[in-house]
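Asker: Before we start, here is the structure in question, set down as structure tokens.
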Amino acid sequence: MGDRGTSNHSGVTDFILVGFRVGPELHTLLFLLFLFVYAMILLGNIGMMTIIMTDPRLNTPMYFFLGNLSFIDLFYSSVVAPKAMSNFWTESKSISFAGCVAQIFLFALFIVAEGFLLAAMAYDRFIAICNPLLYSVHMSTRLCAQLVAGSYFCGCISSVLQTSMTFTLSFCASRAIDHFYCDSRPLQRLSCSDLFIHKIVSFSLSSVIILPTVIVIVVSYMYIVSTVLKIRSTEGRKKAFSTCSSHLGVVSVLYGAVFFMYLTPNRFPELSKLASLCYTLVTPMLNPLIYSLRNKDVKDALSKFLDKKKSIL
């Protein structure tokens, strides 16, 4: 028992990512599926950032936030997808200790930053609909930059705390992480340490992150709905709701997947992997589609950009 308790993370040089428990005959299919989704993520988010940066009509707070959302989606999916795809072709499926630390740190940074950024976007929509005459005053360039910088700062602080907590645990003989990327929950299952304090701190940290962002989003939309319902014309109500529907769709997909994953009992790891797949790859793929298909300004900017490319060719 003494050996078990003293086998800490300093003796671990790498981990094994178990991934999805499927037969080898499905690895090629999963690789192609991951490759397609990742290619769509790259195309959609790089395209969205390019359109926002090149079209002066999109030089507004809403699209400034949207450009940062695409940046975050692009990077946190890139933390997970390449390694997951490479593991479909290798027997060892190993990831170095440093690689696992980096994956947890970067993923936590970007996913937390996205939560705060979505709250900032909800506040932006609240000001646009409930106080349209003061919109340019409230949503100044300085405030927008501060909200985005604050989102990354909160993500960084949360990431440092989560990563340091995870890797101060002592790990048992098994190095097999039952997931397709390094995550704190499956790593906890490898630990020999008493997890009570760790779980209390993790729950408190999650609450500090999730509750304020959810409260801002919910309260913003309560005011938005109340304001929109007071608009007499059907066309006016439709136009007001259309400016929020894309953001609301993104919020629903992301938070739905996150809540599903963390509410799934540990005895159902495959369900947890599917939920993780939704917010690590599916959500970053869908976000540009949601905003481009439901947003006239983005569709017009995309058409203008493609026409310009055709004229050059």
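FYI, nothing fancy with the structure tokens labels: chains A, B, ... in order, residues from 1 per chain, ligands from 1 as they appear.
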Determine, counting only C-alpha atoms, which protein, DNA and RNA residues have an atom within 12 Å of an atom of Phe64 (chain A); residues of the same chain fewer than 5 positions away are not included. Present the result as a ChimeraX atom specification.
Answerer: /A:48-53,55-59,69-71,117,120-121,124,139-145,147-148
Asker: Taking N, CA and C atoms for each residue, export the selection above as a compact mmCIF listing (two decimals), in the first residue's frame.
Answerer:
```txt
# COMPACT_ATOMS: atom_id res chain seq x y z
N MET A 48 -14.66 32.70 -41.56
CA MET A 48 -15.40 33.70 -40.80
C MET A 48 -14.48 34.84 -40.35
N MET A 49 -13.30 34.51 -39.84
CA MET A 49 -12.36 35.54 -39.40
C MET A 49 -11.90 36.40 -40.58
N THR A 50 -11.68 35.76 -41.72
CA THR A 50 -11.23 36.50 -42.92
C THR A 50 -12.30 37.48 -43.38
N ILE A 51 -13.55 37.03 -43.42
CA ILE A 51 -14.65 37.90 -43.86
C ILE A 51 -14.81 39.09 -42.92
N ILE A 52 -14.75 38.83 -41.60
CA ILE A 52 -14.93 39.89 -40.62
C ILE A 52 -13.80 40.93 -40.71
N MET A 53 -12.58 40.45 -40.94
CA MET A 53 -11.43 41.38 -41.00
C MET A 53 -11.37 42.17 -42.30
N ASP A 55 -14.16 42.91 -44.45
CA ASP A 55 -15.35 43.67 -44.83
C ASP A 55 -15.60 44.79 -43.82
N PRO A 56 -15.48 46.04 -44.22
CA PRO A 56 -15.66 47.17 -43.28
C PRO A 56 -17.07 47.25 -42.70
N ARG A 57 -18.07 46.66 -43.39
CA ARG A 57 -19.44 46.70 -42.86
C ARG A 57 -19.58 45.86 -41.60
N LEU A 58 -18.66 44.95 -41.39
CA LEU A 58 -18.71 44.09 -40.21
C LEU A 58 -17.81 44.60 -39.08
N ASN A 59 -17.43 45.84 -39.18
CA ASN A 59 -16.59 46.45 -38.13
C ASN A 59 -17.46 46.97 -37.00
N LEU A 69 -14.79 34.52 -31.25
CA LEU A 69 -15.41 33.21 -31.05
C LEU A 69 -14.85 32.20 -32.06
N SER A 70 -14.71 32.62 -33.31
CA SER A 70 -14.13 31.75 -34.33
C SER A 70 -12.68 31.40 -34.01
N PHE A 71 -11.93 32.38 -33.51
CA PHE A 71 -10.53 32.15 -33.12
C PHE A 71 -10.46 31.09 -32.01
N LEU A 117 -16.93 34.71 -23.19
CA LEU A 117 -17.17 35.48 -24.42
C LEU A 117 -18.64 35.40 -24.83
N ALA A 120 -20.47 37.85 -22.81
CA ALA A 120 -20.25 39.20 -23.34
C ALA A 120 -21.11 39.45 -24.57
N MET A 121 -21.26 38.42 -25.41
CA MET A 121 -22.10 38.56 -26.61
C MET A 121 -23.57 38.71 -26.23
N ASP A 124 -24.00 42.22 -25.21
CA ASP A 124 -24.00 43.06 -26.42
C ASP A 124 -25.38 43.07 -27.08
N MET A 139 -21.28 50.20 -25.88
CA MET A 139 -20.39 49.20 -26.46
C MET A 139 -19.26 49.88 -27.23
N SER A 140 -18.44 50.60 -26.50
CA SER A 140 -17.30 51.29 -27.10
C SER A 140 -16.21 50.27 -27.48
N THR A 141 -15.30 50.71 -28.33
CA THR A 141 -14.19 49.84 -28.72
C THR A 141 -13.38 49.41 -27.51
N ARG A 142 -13.19 50.33 -26.59
CA ARG A 142 -12.42 50.02 -25.38
C ARG A 142 -13.10 48.95 -24.53
N LEU A 143 -14.42 49.09 -24.34
CA LEU A 143 -15.15 48.12 -23.53
C LEU A 143 -15.12 46.74 -24.21
N CYS A 144 -15.31 46.71 -25.51
CA CYS A 144 -15.27 45.43 -26.23
C CYS A 144 -13.93 44.73 -26.07
N ALA A 145 -12.85 45.52 -26.20
CA ALA A 145 -11.51 44.95 -26.03
C ALA A 145 -11.31 44.45 -24.60
N LEU A 147 -13.70 43.35 -22.54
CA LEU A 147 -14.51 42.15 -22.35
C LEU A 147 -13.81 40.92 -22.94
N VAL A 148 -13.23 41.09 -24.12
CA VAL A 148 -12.51 39.97 -24.75
C VAL A 148 -11.26 39.62 -23.96
```
Asker: For the structure I just gave you, how does DSSP split region 2-195 of chain A - specifically, which residues are strand (DSSP E)? Reply as a PyMOL selection string.
Answerer: chain A and resi 14-17+94-96+176-177
Asker: From a backbone DSSP assignment, name each residue in region 134-186 of chain A labelled helix (DSSP H, G or I), as a ChimeraX atom specification.
Answerer: /A:134-138,141-166,184-186
Asker: Counting only C-alpha atoms, which residues in region 57-106 of chain A sit no more than 12 Å from region 237-249 of chain A? For each one, give the nearest pair of atoms and the distance in Å, sorted by chain then residue number, as JSON lines.
Answerer:
```
{"residue": "A:Met62", "atom": "CA", "partner": "A:Thr243", "partner_atom": "CA", "distance": 9.9}
{"residue": "A:Tyr63", "atom": "CA", "partner": "A:His247", "partner_atom": "CA", "distance": 11.7}
{"residue": "A:Phe65", "atom": "CA", "partner": "A:His247", "partner_atom": "CA", "distance": 10.9}
{"residue": "A:Leu66", "atom": "CA", "partner": "A:His247", "partner_atom": "CA", "distance": 9.5}
{"residue": "A:Leu69", "atom": "CA", "partner": "A:His247", "partner_atom": "CA", "distance": 10.8}
```
Asker: Now that the selection is made, can you save its residues with C-alpha atoms as a tab-separated table (two decimals), in the first residue's frame?
Answerer:
```
chain	number	residue	atom	x	y	z
A	62	MET	CA	-21.08	42.00	-32.55
A	63	TYR	CA	-18.68	40.85	-35.27
A	65	PHE	CA	-16.93	39.17	-30.63
A	66	LEU	CA	-17.85	36.71	-33.38
A	69	LEU	CA	-15.41	33.21	-31.05
```
Asker: If we count only C-alpha atoms and set the cut-off at 12 Å, which residues sit around Leu29 (chain A), ignoring sequence neighbours fewer than 6 positions away in its own chain? Please answer as JSON, numbers by chain.
Answerer: {"A": [22, 23, 35, 36, 85, 88, 89]}
Asker: Go ahead and dump the residues you just picked, C-alpha atoms, as a PDB file, in the first residue's frame.
Answerer:
```pdb
ATOM      1  CA  VAL A  22     -14.596   0.198 -31.191  1.00  0.00           C
ATOM      2  CA  GLY A  23     -13.133  -2.493 -33.401  1.00  0.00           C
ATOM      3  CA  LEU A  35     -10.826  14.619 -40.713  1.00  0.00           C
ATOM      4  CA  PHE A  36     -14.014  15.881 -42.387  1.00  0.00           C
ATOM      5  CA  MET A  85      -6.828  11.478 -35.550  1.00  0.00           C
ATOM      6  CA  PHE A  88      -6.503   6.000 -35.086  1.00  0.00           C
ATOM      7  CA  TRP A  89      -3.344   5.016 -37.039  1.00  0.00           C
TER       8      TRP A  89
END
```
Asker: Would you list the contacts of Leu109 (chain A) as a list in words, taking every protein, DNA or RNA residue within 9 Å and counting only C-alpha atoms, but skipping same-chain residues closer than 6 positions in sequence?
Answerer: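 Neighbouring residues, sequence-local ones excluded: Tyr76, Tyr152, Phe153, Cys154, Gly155, Cys156, Ile157, Ser158, Ser159 and Val160 of chain A.
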Asker: Please provide the set of residues having any atom within 12 Å of Asn87 (chain A), restricted to only C-alpha atoms, with same-chain residues fewer than 2 positions apart removed, written as a short mmCIF file (atom, residue, chain, number, x, y, z; two decimals) with N, CA, C and O atoms, in the first residue's frame.
Answerer:
```cif
data_model
loop_
_atom_site.label_atom_id
_atom_site.label_comp_id
_atom_site.auth_asym_id
_atom_site.auth_seq_id
_atom_site.Cartn_x
_atom_site.Cartn_y
_atom_site.Cartn_z
N ILE A 16 -1.65 6.73 -21.94
CA ILE A 16 -2.25 6.08 -23.10
C ILE A 16 -3.68 6.59 -23.25
O ILE A 16 -4.48 6.54 -22.31
N LEU A 17 -4.01 7.14 -24.42
CA LEU A 17 -5.36 7.60 -24.70
C LEU A 17 -6.16 6.44 -25.30
O LEU A 17 -5.92 6.03 -26.44
N VAL A 18 -7.08 5.90 -24.52
CA VAL A 18 -7.84 4.73 -24.95
C VAL A 18 -8.72 5.06 -26.15
O VAL A 18 -8.87 4.27 -27.09
N GLY A 19 -9.32 6.25 -26.14
CA GLY A 19 -10.19 6.65 -27.24
C GLY A 19 -11.53 5.93 -27.21
O GLY A 19 -12.00 5.52 -26.15
N PHE A 20 -12.13 5.77 -28.37
CA PHE A 20 -13.43 5.11 -28.47
C PHE A 20 -13.23 3.59 -28.51
O PHE A 20 -12.37 3.09 -29.25
N PRO A 24 -11.03 -2.41 -34.64
CA PRO A 24 -10.03 -1.80 -35.54
C PRO A 24 -10.60 -1.48 -36.92
O PRO A 24 -10.13 -0.55 -37.58
N HIS A 27 -11.70 2.14 -37.29
CA HIS A 27 -10.73 3.22 -37.09
C HIS A 27 -10.61 4.11 -38.33
O HIS A 27 -10.52 5.33 -38.21
N THR A 28 -10.59 3.49 -39.51
CA THR A 28 -10.48 4.28 -40.74
C THR A 28 -11.69 5.17 -40.91
O THR A 28 -11.57 6.36 -41.28
N LEU A 30 -13.67 6.32 -38.52
CA LEU A 30 -13.62 7.40 -37.52
C LEU A 30 -12.57 8.45 -37.91
O LEU A 30 -12.79 9.65 -37.71
N PHE A 31 -11.44 7.98 -38.44
CA PHE A 31 -10.42 8.93 -38.89
C PHE A 31 -10.97 9.85 -39.97
O PHE A 31 -10.78 11.08 -39.92
N PHE A 34 -13.46 12.32 -38.38
CA PHE A 34 -12.75 13.38 -37.67
C PHE A 34 -12.09 14.34 -38.65
O PHE A 34 -12.10 15.56 -38.44
N VAL A 80 -7.35 19.25 -29.71
CA VAL A 80 -7.85 17.87 -29.56
C VAL A 80 -7.78 17.05 -30.85
O VAL A 80 -7.30 15.92 -30.85
N ALA A 81 -8.24 17.61 -31.97
CA ALA A 81 -8.47 16.82 -33.18
C ALA A 81 -7.22 16.18 -33.78
O ALA A 81 -7.24 14.97 -34.09
N PRO A 82 -6.10 16.88 -33.98
CA PRO A 82 -4.94 16.24 -34.62
C PRO A 82 -4.44 15.02 -33.86
O PRO A 82 -4.12 13.99 -34.48
N LYS A 83 -4.35 15.12 -32.53
CA LYS A 83 -3.88 13.98 -31.74
C LYS A 83 -4.87 12.84 -31.79
O LYS A 83 -4.48 11.67 -31.90
N ALA A 84 -6.17 13.15 -31.72
CA ALA A 84 -7.19 12.10 -31.80
C ALA A 84 -7.12 11.37 -33.14
O ALA A 84 -7.24 10.14 -33.20
N MET A 85 -6.92 12.11 -34.23
CA MET A 85 -6.83 11.48 -35.55
C MET A 85 -5.58 10.62 -35.68
O MET A 85 -5.63 9.51 -36.24
N TRP A 89 -4.31 5.70 -36.17
CA TRP A 89 -3.34 5.02 -37.04
C TRP A 89 -2.17 4.41 -36.27
O TRP A 89 -1.32 3.75 -36.87
N THR A 90 -2.09 4.63 -34.97
CA THR A 90 -0.96 4.12 -34.20
C THR A 90 -1.43 3.07 -33.19
O THR A 90 -2.57 3.12 -32.72
N GLU A 91 -0.54 2.16 -32.86
CA GLU A 91 -0.86 1.11 -31.89
C GLU A 91 -0.69 1.61 -30.46
O GLU A 91 -1.46 1.25 -29.57
N SER A 92 0.31 2.45 -30.22
CA SER A 92 0.62 2.84 -28.83
C SER A 92 -0.40 3.81 -28.25
O SER A 92 -0.75 3.73 -27.08
N LYS A 93 -0.91 4.74 -29.06
CA LYS A 93 -1.87 5.77 -28.64
C LYS A 93 -1.35 6.56 -27.43
O LYS A 93 -2.13 7.03 -26.60
N SER A 94 -0.06 6.71 -27.34
CA SER A 94 0.52 7.38 -26.16
C SER A 94 0.58 8.89 -26.37
O SER A 94 0.63 9.39 -27.49
N ILE A 95 0.57 9.59 -25.25
CA ILE A 95 0.79 11.04 -25.23
C ILE A 95 1.75 11.32 -24.09
O ILE A 95 1.61 10.75 -22.99
N HIS A 179 -10.37 8.10 -22.56
CA HIS A 179 -10.91 9.25 -23.29
C HIS A 179 -10.11 9.40 -24.58
O HIS A 179 -9.11 8.70 -24.77
N PHE A 180 -10.56 10.32 -25.47
CA PHE A 180 -9.79 10.53 -26.70
C PHE A 180 -8.89 11.76 -26.60
O PHE A 180 -8.22 12.12 -27.56
N TYR A 181 -8.89 12.42 -25.46
CA TYR A 181 -7.93 13.48 -25.17
C TYR A 181 -7.74 13.55 -23.66
O TYR A 181 -8.52 12.96 -22.90
#
```
